[in-house]
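Structure record follows, encoded as structure tokens.
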Amino acid sequence: MYISDIPFRENYSRQLCFSLYDEPYEYQIVSFKWDNTHSKYFKAMASDDFCDNEDLLLRVAYGILNIYPTAKIWIEEDWFYTLEDLKKIVNTSYNNNWCYENPSNL
């Protein structure tokens, strides 16, 4: 899934790529109304290719977790971000490296 805050034809580098995983996980699963297969998915989104778009990544991730507060965001490292983690990040001075830091160190 690709997301941008400007039209793609204006700037192809201002986009985020998200992957939704279909790996079931015993206690963290979700289903989507738009999915007519009635599958259950792991409550995590993986994002990559966000270099120089960390601000957009934060806005999108924060928005998603406000809608799905028990979901988690995974960004290529060995940790997940929760809604509480992102609230801490949003309520402090913006740090462009937020997504490269373990949220337990916030």
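Residue numbers start at 1 in each chain; chains themselves are named A, B, ... in the order of the structure tokens; ligands are numbered from 1 in the order shown.
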Which polymer residues have any atom within 12 Å of an atom of region 75-89 of chain A, counting only C-alpha atoms, with same-chain residues fewer than 3 positions away left out, as a CSV table (one decimal) with all heavy atoms, in the first residue's frame?
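To be explicit, this is the file written out as out_7.csv:
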```csv
chain,number,residue,atom,x,y,z
A,16,LEU,N,5.1,6.6,1.0
A,16,LEU,CA,5.4,5.6,1.9
A,16,LEU,C,4.9,4.3,1.4
A,16,LEU,O,3.8,4.2,0.9
A,16,LEU,CB,4.8,5.9,3.3
A,16,LEU,CG,5.2,7.2,4.0
A,16,LEU,CD1,4.4,7.4,5.3
A,16,LEU,CD2,6.7,7.2,4.3
A,17,CYS,N,5.6,3.2,1.7
A,17,CYS,CA,5.1,1.9,1.3
A,17,CYS,C,4.8,1.1,2.6
A,17,CYS,O,5.7,1.1,3.5
A,17,CYS,CB,6.2,1.2,0.5
A,17,CYS,SG,5.8,-0.6,0.2
A,18,PHE,N,3.7,0.6,2.7
A,18,PHE,CA,3.3,-0.2,3.9
A,18,PHE,C,2.9,-1.6,3.4
A,18,PHE,O,2.3,-1.8,2.3
A,18,PHE,CB,2.1,0.4,4.6
A,18,PHE,CG,2.3,1.6,5.3
A,18,PHE,CD1,2.1,2.8,4.8
A,18,PHE,CD2,2.9,1.5,6.6
A,18,PHE,CE1,2.4,4.0,5.5
A,18,PHE,CE2,3.1,2.7,7.3
A,18,PHE,CZ,2.9,3.9,6.8
A,19,SER,N,3.3,-2.6,4.2
A,19,SER,CA,2.9,-4.0,4.0
A,19,SER,C,2.0,-4.5,5.1
A,19,SER,O,2.3,-4.2,6.3
A,19,SER,CB,4.1,-4.9,3.9
A,19,SER,OG,5.0,-4.5,2.8
A,43,LYS,N,-1.8,-7.9,13.7
A,43,LYS,CA,-2.0,-6.5,13.9
A,43,LYS,C,-0.7,-5.7,13.8
A,43,LYS,O,-0.3,-5.2,14.8
A,43,LYS,CB,-2.7,-6.2,15.2
A,43,LYS,CG,-4.2,-6.6,15.3
A,43,LYS,CD,-4.7,-6.1,16.6
A,43,LYS,CE,-6.1,-6.5,16.8
A,43,LYS,NZ,-6.6,-6.1,18.1
A,44,ALA,N,-0.1,-5.8,12.7
A,44,ALA,CA,1.1,-5.0,12.5
A,44,ALA,C,1.2,-4.6,11.0
A,44,ALA,O,0.8,-5.3,10.1
A,44,ALA,CB,2.4,-5.8,12.8
A,45,MET,N,1.8,-3.4,10.8
A,45,MET,CA,2.1,-2.9,9.5
A,45,MET,C,3.6,-2.7,9.4
A,45,MET,O,4.2,-2.2,10.4
A,45,MET,CB,1.4,-1.6,9.2
A,45,MET,CG,-0.1,-1.7,9.1
A,45,MET,SD,-0.9,-0.1,8.9
A,45,MET,CE,-0.4,0.3,7.2
A,46,ALA,N,4.2,-3.1,8.4
A,46,ALA,CA,5.6,-2.9,8.2
A,46,ALA,C,5.8,-1.8,7.1
A,46,ALA,O,5.1,-1.8,6.1
A,46,ALA,CB,6.3,-4.2,7.7
A,47,SER,N,6.7,-0.9,7.4
A,47,SER,CA,6.9,0.2,6.5
A,47,SER,C,8.4,0.2,6.1
A,47,SER,O,9.3,0.0,7.0
A,47,SER,CB,6.6,1.6,7.2
A,47,SER,OG,6.9,2.6,6.3
A,48,ASP,N,8.6,0.5,4.9
A,48,ASP,CA,10.0,0.6,4.4
A,48,ASP,C,10.0,1.7,3.4
A,48,ASP,O,9.0,2.3,3.1
A,48,ASP,CB,10.5,-0.7,3.9
A,48,ASP,CG,9.7,-1.3,2.8
A,48,ASP,OD1,8.7,-0.6,2.3
A,48,ASP,OD2,9.9,-2.4,2.4
A,49,ASP,N,11.2,2.1,2.9
A,49,ASP,CA,11.3,3.1,1.9
A,49,ASP,C,10.7,4.5,2.3
A,49,ASP,O,10.0,5.1,1.6
A,49,ASP,CB,10.6,2.7,0.5
A,49,ASP,CG,11.2,1.5,0.0
A,49,ASP,OD1,12.4,1.2,0.2
A,49,ASP,OD2,10.5,0.7,-0.7
A,50,PHE,N,11.1,4.9,3.6
A,50,PHE,CA,10.6,6.1,4.1
A,50,PHE,C,11.6,7.2,4.3
A,50,PHE,O,11.4,8.2,4.9
A,50,PHE,CB,9.8,5.9,5.4
A,50,PHE,CG,10.5,5.1,6.4
A,50,PHE,CD1,11.5,5.8,7.2
A,50,PHE,CD2,10.3,3.8,6.5
A,50,PHE,CE1,12.2,5.0,8.2
A,50,PHE,CE2,11.1,3.0,7.5
A,50,PHE,CZ,12.0,3.7,8.3
A,51,CYS,N,12.8,6.9,3.8
A,51,CYS,CA,13.9,7.9,3.9
A,51,CYS,C,13.5,9.3,3.5
A,51,CYS,O,12.9,9.4,2.4
A,51,CYS,CB,15.1,7.4,3.1
A,51,CYS,SG,16.6,8.4,3.4
A,54,GLU,N,10.2,10.8,7.1
A,54,GLU,CA,9.9,10.4,8.5
A,54,GLU,C,8.7,11.2,9.1
A,54,GLU,O,8.0,10.6,9.9
A,54,GLU,CB,11.2,10.5,9.3
A,54,GLU,CG,12.3,9.5,9.0
A,54,GLU,CD,13.2,10.0,7.9
A,54,GLU,OE1,12.9,11.0,7.2
A,54,GLU,OE2,14.2,9.3,7.7
A,55,ASP,N,8.6,12.4,8.7
A,55,ASP,CA,7.5,13.2,9.2
A,55,ASP,C,6.1,12.7,8.7
A,55,ASP,O,5.2,12.6,9.5
A,55,ASP,CB,7.6,14.7,8.8
A,55,ASP,CG,7.7,14.9,7.3
A,55,ASP,OD1,8.2,14.1,6.6
A,55,ASP,OD2,7.1,15.9,6.8
A,57,LEU,N,5.6,9.6,7.7
A,57,LEU,CA,5.5,8.3,8.4
A,57,LEU,C,4.8,8.5,9.8
A,57,LEU,O,3.9,7.7,10.1
A,57,LEU,CB,6.8,7.6,8.5
A,57,LEU,CG,6.8,6.2,9.2
A,57,LEU,CD1,6.0,5.2,8.4
A,57,LEU,CD2,8.2,5.7,9.3
A,58,LEU,N,5.3,9.4,10.5
A,58,LEU,CA,4.7,9.7,11.9
A,58,LEU,C,3.3,10.1,11.8
A,58,LEU,O,2.5,9.5,12.5
A,58,LEU,CB,5.5,10.7,12.6
A,58,LEU,CG,5.1,11.1,14.0
A,58,LEU,CD1,5.1,9.9,14.9
A,58,LEU,CD2,5.9,12.2,14.6
A,59,ARG,N,2.9,11.0,10.9
A,59,ARG,CA,1.5,11.4,10.7
A,59,ARG,C,0.6,10.2,10.4
A,59,ARG,O,-0.5,10.0,10.9
A,59,ARG,CB,1.4,12.5,9.7
A,59,ARG,CG,1.9,13.8,10.2
A,59,ARG,CD,1.6,15.0,9.4
A,59,ARG,NE,0.9,14.8,8.1
A,59,ARG,CZ,1.5,15.1,6.9
A,59,ARG,NH1,2.7,15.6,6.9
A,59,ARG,NH2,0.8,14.9,5.8
A,60,VAL,N,1.1,9.4,9.4
A,60,VAL,CA,0.2,8.3,9.0
A,60,VAL,C,0.1,7.2,10.1
A,60,VAL,O,-1.0,6.7,10.4
A,60,VAL,CB,0.8,7.6,7.7
A,60,VAL,CG1,0.1,6.3,7.4
A,60,VAL,CG2,0.7,8.6,6.5
A,61,ALA,N,1.3,6.9,10.7
A,61,ALA,CA,1.3,5.9,11.8
A,61,ALA,C,0.4,6.3,12.9
A,61,ALA,O,-0.4,5.5,13.5
A,61,ALA,CB,2.7,5.6,12.2
A,62,TYR,N,0.5,7.6,13.3
A,62,TYR,CA,-0.3,8.1,14.4
A,62,TYR,C,-1.8,8.1,14.1
A,62,TYR,O,-2.6,7.7,14.9
A,62,TYR,CB,0.2,9.5,14.8
A,62,TYR,CG,-0.4,10.1,16.0
A,62,TYR,CD1,-0.1,9.6,17.3
A,62,TYR,CD2,-1.3,11.2,16.0
A,62,TYR,CE1,-0.7,10.1,18.4
A,62,TYR,CE2,-1.8,11.7,17.1
A,62,TYR,CZ,-1.5,11.2,18.3
A,62,TYR,OH,-2.1,11.7,19.5
A,63,GLY,N,-2.1,8.4,12.9
A,63,GLY,CA,-3.5,8.4,12.4
A,63,GLY,C,-4.1,7.0,12.5
A,63,GLY,O,-5.2,6.8,12.9
A,64,ILE,N,-3.3,6.0,12.0
A,64,ILE,CA,-3.8,4.6,11.9
A,64,ILE,C,-4.0,4.1,13.4
A,64,ILE,O,-5.0,3.5,13.7
A,64,ILE,CB,-2.8,3.7,11.2
A,64,ILE,CG1,-2.8,4.1,9.7
A,64,ILE,CG2,-3.0,2.3,11.4
A,64,ILE,CD1,-1.7,3.5,8.9
A,65,LEU,N,-3.0,4.4,14.2
A,65,LEU,CA,-3.1,3.9,15.6
A,65,LEU,C,-4.2,4.6,16.4
A,65,LEU,O,-4.8,4.0,17.4
A,65,LEU,CB,-1.8,3.9,16.3
A,65,LEU,CG,-0.7,3.0,15.8
A,65,LEU,CD1,0.5,3.0,16.7
A,65,LEU,CD2,-1.3,1.6,15.7
A,66,ASN,N,-4.6,5.8,16.0
A,66,ASN,CA,-5.8,6.4,16.7
A,66,ASN,C,-7.1,5.7,16.3
A,66,ASN,O,-8.0,5.7,17.0
A,66,ASN,CB,-5.8,7.9,16.3
A,66,ASN,CG,-5.0,8.7,17.3
A,66,ASN,OD1,-5.4,8.8,18.5
A,66,ASN,ND2,-3.9,9.2,16.8
A,67,ILE,N,-7.1,5.1,15.1
A,67,ILE,CA,-8.3,4.4,14.7
A,67,ILE,C,-8.3,3.0,15.2
A,67,ILE,O,-9.3,2.4,15.6
A,67,ILE,CB,-8.4,4.4,13.1
A,67,ILE,CG1,-8.6,5.8,12.6
A,67,ILE,CG2,-9.5,3.5,12.6
A,67,ILE,CD1,-8.4,6.0,11.1
A,68,TYR,N,-7.1,2.4,15.2
A,68,TYR,CA,-6.9,1.0,15.7
A,68,TYR,C,-5.9,1.0,16.9
A,68,TYR,O,-4.7,0.6,16.7
A,68,TYR,CB,-6.4,0.1,14.6
A,68,TYR,CG,-7.3,0.0,13.4
A,68,TYR,CD1,-7.0,0.8,12.2
A,68,TYR,CD2,-8.4,-0.7,13.4
A,68,TYR,CE1,-7.8,0.7,11.1
A,68,TYR,CE2,-9.3,-0.8,12.3
A,68,TYR,CZ,-9.0,0.0,11.2
A,68,TYR,OH,-9.8,-0.1,10.1
A,69,PRO,N,-6.3,1.4,18.0
A,69,PRO,CA,-5.4,1.7,19.1
A,69,PRO,C,-4.7,0.4,19.7
A,69,PRO,O,-3.7,0.6,20.4
A,69,PRO,CB,-6.3,2.3,20.2
A,69,PRO,CG,-7.7,1.9,19.9
A,69,PRO,CD,-7.7,1.8,18.4
A,70,THR,N,-5.1,-0.7,19.4
A,70,THR,CA,-4.4,-1.9,19.9
A,70,THR,C,-3.4,-2.5,18.8
A,70,THR,O,-2.7,-3.4,19.1
A,70,THR,CB,-5.4,-3.0,20.3
A,70,THR,OG1,-6.2,-3.4,19.1
A,70,THR,CG2,-6.3,-2.6,21.4
A,71,ALA,N,-3.4,-1.9,17.6
A,71,ALA,CA,-2.5,-2.3,16.6
A,71,ALA,C,-1.1,-1.8,16.9
A,71,ALA,O,-0.9,-1.0,17.8
A,71,ALA,CB,-2.9,-1.8,15.2
A,72,LYS,N,-0.1,-2.3,16.2
A,72,LYS,CA,1.3,-1.9,16.4
A,72,LYS,C,1.9,-1.5,15.1
A,72,LYS,O,1.5,-2.1,14.1
A,72,LYS,CB,2.1,-3.0,17.1
A,72,LYS,CG,1.6,-3.3,18.5
A,72,LYS,CD,2.4,-4.4,19.1
A,72,LYS,CE,2.1,-4.6,20.5
A,72,LYS,NZ,0.9,-5.4,20.8
A,92,THR,N,6.4,15.7,22.0
A,92,THR,CA,7.7,16.3,22.3
A,92,THR,C,8.1,17.1,21.0
A,92,THR,O,7.5,17.0,20.0
A,92,THR,CB,8.7,15.2,22.6
A,92,THR,OG1,8.8,14.3,21.5
A,92,THR,CG2,8.3,14.5,23.9
A,93,SER,N,9.3,17.7,21.1
A,93,SER,CA,9.8,18.4,20.0
A,93,SER,C,10.1,17.4,18.9
A,93,SER,O,10.6,16.3,19.2
A,93,SER,CB,11.2,19.1,20.3
A,93,SER,OG,10.9,20.1,21.3
A,94,TYR,N,9.8,17.7,17.7
A,94,TYR,CA,9.9,16.7,16.6
A,94,TYR,C,11.4,16.3,16.4
A,94,TYR,O,12.2,17.2,16.3
A,94,TYR,CB,9.3,17.2,15.3
A,94,TYR,CG,9.5,16.2,14.1
A,94,TYR,CD1,8.7,15.1,14.1
A,94,TYR,CD2,10.4,16.4,13.1
A,94,TYR,CE1,8.9,14.1,13.1
A,94,TYR,CE2,10.6,15.5,12.1
A,94,TYR,CZ,9.8,14.4,12.1
A,94,TYR,OH,10.0,13.4,11.1
A,95,ASN,N,11.6,15.0,16.3
A,95,ASN,CA,12.9,14.5,16.1
A,95,ASN,C,12.8,13.6,14.8
A,95,ASN,O,12.1,12.6,14.8
A,95,ASN,CB,13.4,13.6,17.3
A,95,ASN,CG,14.6,12.9,17.0
A,95,ASN,OD1,15.2,13.0,16.0
A,95,ASN,ND2,15.1,12.1,18.0
A,96,ASN,N,13.4,14.0,13.7
A,96,ASN,CA,13.4,13.3,12.5
A,96,ASN,C,13.8,11.9,12.6
A,96,ASN,O,13.5,11.0,11.7
A,96,ASN,CB,14.1,14.1,11.4
A,96,ASN,CG,13.7,13.7,10.0
A,96,ASN,OD1,12.5,13.7,9.7
A,96,ASN,ND2,14.6,13.4,9.1
A,97,ASN,N,14.6,11.5,13.6
A,97,ASN,CA,15.1,10.2,13.8
A,97,ASN,C,14.2,9.3,14.7
A,97,ASN,O,14.6,8.2,15.1
A,97,ASN,CB,16.5,10.2,14.3
A,97,ASN,CG,17.5,10.8,13.4
A,97,ASN,OD1,17.4,10.5,12.2
A,97,ASN,ND2,18.4,11.6,13.8
A,98,TRP,N,13.0,9.8,14.9
A,98,TRP,CA,12.1,9.1,15.9
A,98,TRP,C,12.0,7.6,15.5
A,98,TRP,O,11.9,6.7,16.4
A,98,TRP,CB,10.8,9.7,15.9
A,98,TRP,CG,10.0,9.5,14.7
A,98,TRP,CD1,9.9,10.3,13.6
A,98,TRP,CD2,9.1,8.4,14.4
A,98,TRP,NE1,9.1,9.8,12.6
A,98,TRP,CE2,8.5,8.6,13.1
A,98,TRP,CE3,8.7,7.3,15.2
A,98,TRP,CZ2,7.6,7.8,12.6
A,98,TRP,CZ3,7.7,6.5,14.6
A,98,TRP,CH2,7.2,6.7,13.3
A,99,CYS,N,11.9,7.3,14.2
A,99,CYS,CA,11.6,5.9,13.8
A,99,CYS,C,12.8,5.0,13.8
A,99,CYS,O,12.7,3.8,13.5
A,99,CYS,CB,10.9,5.9,12.4
A,99,CYS,SG,11.9,6.8,11.2
A,100,TYR,N,14.0,5.6,14.1
A,100,TYR,CA,15.2,4.8,14.2
A,100,TYR,C,15.6,4.5,15.6
A,100,TYR,O,16.6,3.9,15.9
A,100,TYR,CB,16.4,5.5,13.5
A,100,TYR,CG,16.0,5.9,12.1
A,100,TYR,CD1,15.8,7.3,11.8
A,100,TYR,CD2,15.9,5.0,11.1
A,100,TYR,CE1,15.5,7.7,10.5
A,100,TYR,CE2,15.5,5.4,9.8
A,100,TYR,CZ,15.3,6.7,9.5
A,100,TYR,OH,15.0,7.1,8.2
A,101,GLU,N,14.8,4.9,16.5
A,101,GLU,CA,15.1,4.8,18.0
A,101,GLU,C,14.1,3.8,18.6
A,101,GLU,O,12.9,3.9,18.3
A,101,GLU,CB,15.0,6.1,18.7
A,101,GLU,CG,16.0,7.1,18.1
A,101,GLU,CD,15.9,8.5,18.7
A,101,GLU,OE1,15.2,8.6,19.7
A,101,GLU,OE2,16.6,9.4,18.2
A,102,ASN,N,14.5,3.0,19.5
A,102,ASN,CA,13.7,2.0,20.2
A,102,ASN,C,12.7,2.8,21.1
A,102,ASN,O,13.1,3.7,21.8
A,102,ASN,CB,14.6,1.1,21.0
A,102,ASN,CG,13.8,0.0,21.6
A,102,ASN,OD1,12.6,0.1,22.0
A,102,ASN,ND2,14.4,-1.2,21.8
A,103,PRO,N,11.4,2.6,20.9
A,103,PRO,CA,10.5,3.3,21.7
A,103,PRO,C,10.6,3.1,23.2
A,103,PRO,O,10.2,4.0,24.0
A,103,PRO,CB,9.1,2.8,21.2
A,103,PRO,CG,9.4,1.5,20.6
A,103,PRO,CD,10.8,1.6,20.1
A,104,SER,N,11.2,2.1,23.7
A,104,SER,CA,11.4,1.9,25.1
A,104,SER,C,12.5,2.9,25.6
A,104,SER,O,12.6,3.0,26.9
A,104,SER,CB,11.9,0.4,25.4
A,104,SER,OG,13.1,0.2,24.8
A,105,ASN,N,13.2,3.5,24.8
A,105,ASN,CA,14.2,4.6,25.2
A,105,ASN,C,13.6,6.0,25.2
A,105,ASN,O,14.3,6.9,25.4
A,105,ASN,CB,15.4,4.5,24.3
A,105,ASN,CG,16.1,3.2,24.4
A,105,ASN,OD1,16.1,2.5,25.4
A,105,ASN,ND2,16.8,2.8,23.3
A,106,LEU,N,12.3,6.1,24.9
A,106,LEU,CA,11.7,7.4,24.8
A,106,LEU,C,11.5,8.0,26.2
A,106,LEU,O,11.2,7.3,27.2
A,106,LEU,CB,10.3,7.3,24.1
A,106,LEU,CG,10.4,6.9,22.7
A,106,LEU,CD1,9.0,6.7,22.1
A,106,LEU,CD2,11.1,7.9,21.8
```
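Within the 10 Å cut-off around Arg14 (chain A), using only C-alpha atoms and omitting residues fewer than 3 positions from it on the same chain, the listed residues are Ile3, Ser4, Asp5, Ile6, Pro7, Phe8, Glu10, Asn11, Asp49, Phe50, Cys51, Asp52, Asn53 and Leu56 of chain A.
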Would you mind exporting the chosen residues as a compact mmCIF listing (two decimals), in the first residue's frame, restricted to N, CA and C atoms?
```txt
# COMPACT_ATOMS: atom_id res chain seq x y z
N ILE A 3 1.23 5.44 0.23
CA ILE A 3 0.55 6.63 0.74
C ILE A 3 1.45 7.83 0.50
N SER A 4 0.85 8.95 0.09
CA SER A 4 1.58 10.19 -0.10
C SER A 4 0.69 11.35 0.32
N ASP A 5 1.31 12.47 0.68
CA ASP A 5 0.52 13.65 1.01
C ASP A 5 0.50 14.66 -0.13
N ILE A 6 1.09 14.29 -1.26
CA ILE A 6 1.01 15.09 -2.49
C ILE A 6 0.80 14.12 -3.65
N PRO A 7 0.29 14.61 -4.79
CA PRO A 7 0.07 13.70 -5.92
C PRO A 7 1.37 13.01 -6.34
N PHE A 8 1.29 11.73 -6.62
CA PHE A 8 2.47 10.95 -7.00
C PHE A 8 3.19 11.55 -8.20
N GLU A 10 3.67 14.50 -8.95
CA GLU A 10 4.46 15.68 -8.60
C GLU A 10 5.78 15.32 -7.93
N ASN A 11 5.78 14.22 -7.16
CA ASN A 11 7.00 13.86 -6.45
C ASN A 11 6.92 12.38 -6.07
N ASP A 49 11.17 2.08 2.87
CA ASP A 49 11.31 3.12 1.86
C ASP A 49 10.75 4.47 2.33
N PHE A 50 11.07 4.86 3.56
CA PHE A 50 10.55 6.12 4.07
C PHE A 50 11.64 7.16 4.29
N CYS A 51 12.83 6.92 3.76
CA CYS A 51 13.94 7.86 3.92
C CYS A 51 13.53 9.25 3.45
N ASP A 52 13.79 10.24 4.27
CA ASP A 52 13.43 11.65 4.05
C ASP A 52 11.93 11.91 4.15
N ASN A 53 11.15 10.92 4.55
CA ASN A 53 9.71 11.08 4.73
C ASN A 53 9.29 10.67 6.14
N LEU A 56 6.07 12.31 7.43
CA LEU A 56 4.86 11.72 6.87
C LEU A 56 4.58 10.37 7.51
```
